[in-house]
Amino acid sequence: ALDGVRLALYTHLSPRLTVPSYQIQSQRRPAAAGPAPGQQRVDRVLAGNTVEFEPGSAVLTAMGRQVLDALWPVLASLDGRRFEVIGHTDSDGLREANLQLSLARAEAVRQYLMSRGLPADRLQVMGAGPDHPIADNRTAQGRARNRRIEIRVLA
């Protein structure tokens, strides 16, 4: 079914392209081969731990810094790897404000890791706001789980 949709889109869009440098490639991309090397080590440190911030702000708490301190040796051992720090929020409040807060929190984590010695060019940030919940935002426990920092090891 997906191949049929892909073919229909290709057939519909291809003749309408007016910019010669644009192309539509209808080939499938191979599925990812799994997590990047080191991702499981990062996930083990973060499992059950929360990088905490002061309420409604991007100021790390002492507990939040402790989690990052525990993560530091793992990140440092992944020599040459780059990382994406992704901030997430719950769905309370305006989406735009949550996007800004999530980005500010990701940047605070980036700054903290840089202060520990991780080079800036190995860290990128993204604010996902409330767009990727992992729990139900209708409960206090769910909202708490959705307020999180995720760190992805990039290839």
# chains A, B, ... in the order shown; residues from 1 in each chain; ligands from 1
>>> residues_around(residues="Asp92 (chain A)", least_positions_apart="2", cutoff="12 Å", atoms="only C-alpha atoms", output="PyMOL selection string")
chain A and resi 56+88-90+94-99+101+129-131+133+136-140+142-144+146-147
>>> closest_residue(among="A:Pro37, A:Gly80, A:Pro73, A:Gly87", to="Val51 (chain A)", atoms="only C-alpha atoms")
A:Gly87
>>> residues_around(residues="region 121-123 of chain A", least_positions_apart="5", cutoff="10 Å", atoms="only C-alpha atoms", output="list in words")
Asp79, Gly80, Arg81, Arg82, Phe83, Glu84, Val85, Glu107, Val109, Arg110, Gln111, Leu113, Met114, Ile151, Arg152, Val153 and Leu154 of chain A
>>> closest_residue(among="A:Ala108, A:Val45, A:Leu118, A:Ala76", to="Thr61 (chain A)", atoms="only C-alpha atoms")
A:Ala108
>>> select_by_dssp(residues="region 62-128 of chain A", states="strand (DSSP E or B)", output="number ranges by chain")
A: 82-88, 123-128
>>> write_last_selection(atoms="N, CA, C and O atoms", output="mmCIF file, in the first residue's frame")
data_model
loop_
_atom_site.group_PDB
_atom_site.id
_atom_site.type_symbol
_atom_site.label_atom_id
_atom_site.label_comp_id
_atom_site.auth_asym_id
_atom_site.auth_seq_id
_atom_site.Cartn_x
_atom_site.Cartn_y
_atom_site.Cartn_z
ATOM 1 N N ARG A 82 29.424 12.648 18.061
ATOM 2 C CA ARG A 82 28.644 13.857 18.269
ATOM 3 C C ARG A 82 27.342 13.465 18.947
ATOM 4 O O ARG A 82 26.900 12.320 18.851
ATOM 5 N N PHE A 83 26.731 14.447 19.630
ATOM 6 C CA PHE A 83 25.527 14.180 20.408
ATOM 7 C C PHE A 83 24.478 15.237 20.123
ATOM 8 O O PHE A 83 24.794 16.389 19.876
ATOM 9 N N GLU A 84 23.223 14.808 20.174
ATOM 10 C CA GLU A 84 22.096 15.729 20.071
ATOM 11 C C GLU A 84 21.384 15.730 21.416
ATOM 12 O O GLU A 84 20.984 14.681 21.911
ATOM 13 N N VAL A 85 21.266 16.915 22.000
ATOM 14 C CA VAL A 85 20.573 17.092 23.266
ATOM 15 C C VAL A 85 19.183 17.608 22.927
ATOM 16 O O VAL A 85 19.041 18.664 22.306
ATOM 17 N N ILE A 86 18.152 16.858 23.306
ATOM 18 C CA ILE A 86 16.773 17.202 22.956
ATOM 19 C C ILE A 86 15.989 17.471 24.226
ATOM 20 O O ILE A 86 15.914 16.625 25.115
ATOM 21 N N GLY A 87 15.422 18.660 24.296
ATOM 22 C CA GLY A 87 14.575 19.018 25.425
ATOM 23 C C GLY A 87 13.124 18.731 25.115
ATOM 24 O O GLY A 87 12.668 18.947 23.991
ATOM 25 N N HIS A 88 12.396 18.207 26.095
ATOM 26 C CA HIS A 88 10.970 17.901 25.965
ATOM 27 C C HIS A 88 10.227 18.543 27.130
ATOM 28 O O HIS A 88 10.775 18.686 28.222
ATOM 29 N N LEU A 123 28.279 18.854 20.101
ATOM 30 C CA LEU A 123 26.958 18.952 20.727
ATOM 31 C C LEU A 123 26.025 19.819 19.895
ATOM 32 O O LEU A 123 26.362 20.942 19.544
ATOM 33 N N GLN A 124 24.868 19.291 19.588
ATOM 34 C CA GLN A 124 23.825 20.106 18.977
ATOM 35 C C GLN A 124 22.578 19.983 19.831
ATOM 36 O O GLN A 124 22.438 19.039 20.595
ATOM 37 N N VAL A 125 21.708 20.976 19.733
ATOM 38 C CA VAL A 125 20.516 21.001 20.579
ATOM 39 C C VAL A 125 19.257 21.107 19.740
ATOM 40 O O VAL A 125 19.280 21.604 18.614
ATOM 41 N N MET A 126 18.184 20.638 20.333
ATOM 42 C CA MET A 126 16.875 20.734 19.702
ATOM 43 C C MET A 126 15.823 20.839 20.813
ATOM 44 O O MET A 126 15.928 20.163 21.838
ATOM 45 N N GLY A 127 14.838 21.681 20.605
ATOM 46 C CA GLY A 127 13.713 21.776 21.517
ATOM 47 C C GLY A 127 12.484 21.167 20.880
ATOM 48 O O GLY A 127 11.996 21.663 19.875
ATOM 49 N N ALA A 128 12.003 20.067 21.436
ATOM 50 C CA ALA A 128 10.848 19.372 20.878
ATOM 51 C C ALA A 128 9.542 19.797 21.535
ATOM 52 O O ALA A 128 8.464 19.431 21.068
#
>>> residues_around(residues="Arg44 (chain A)", least_positions_apart="6", cutoff="12 Å", atoms="only C-alpha atoms", output="NGL selection string")
:A and (38 or 67 or 70-71 or 74 or 151)
>>> atom_distance(atom1="CA of Ile149 (chain A)", atom2="CA of Glu54 (chain A)")
13.8 Å
>>> atom_distance(atom1="CA of Glu52 (chain A)", atom2="CA of Arg65 (chain A)")
8.0 Å
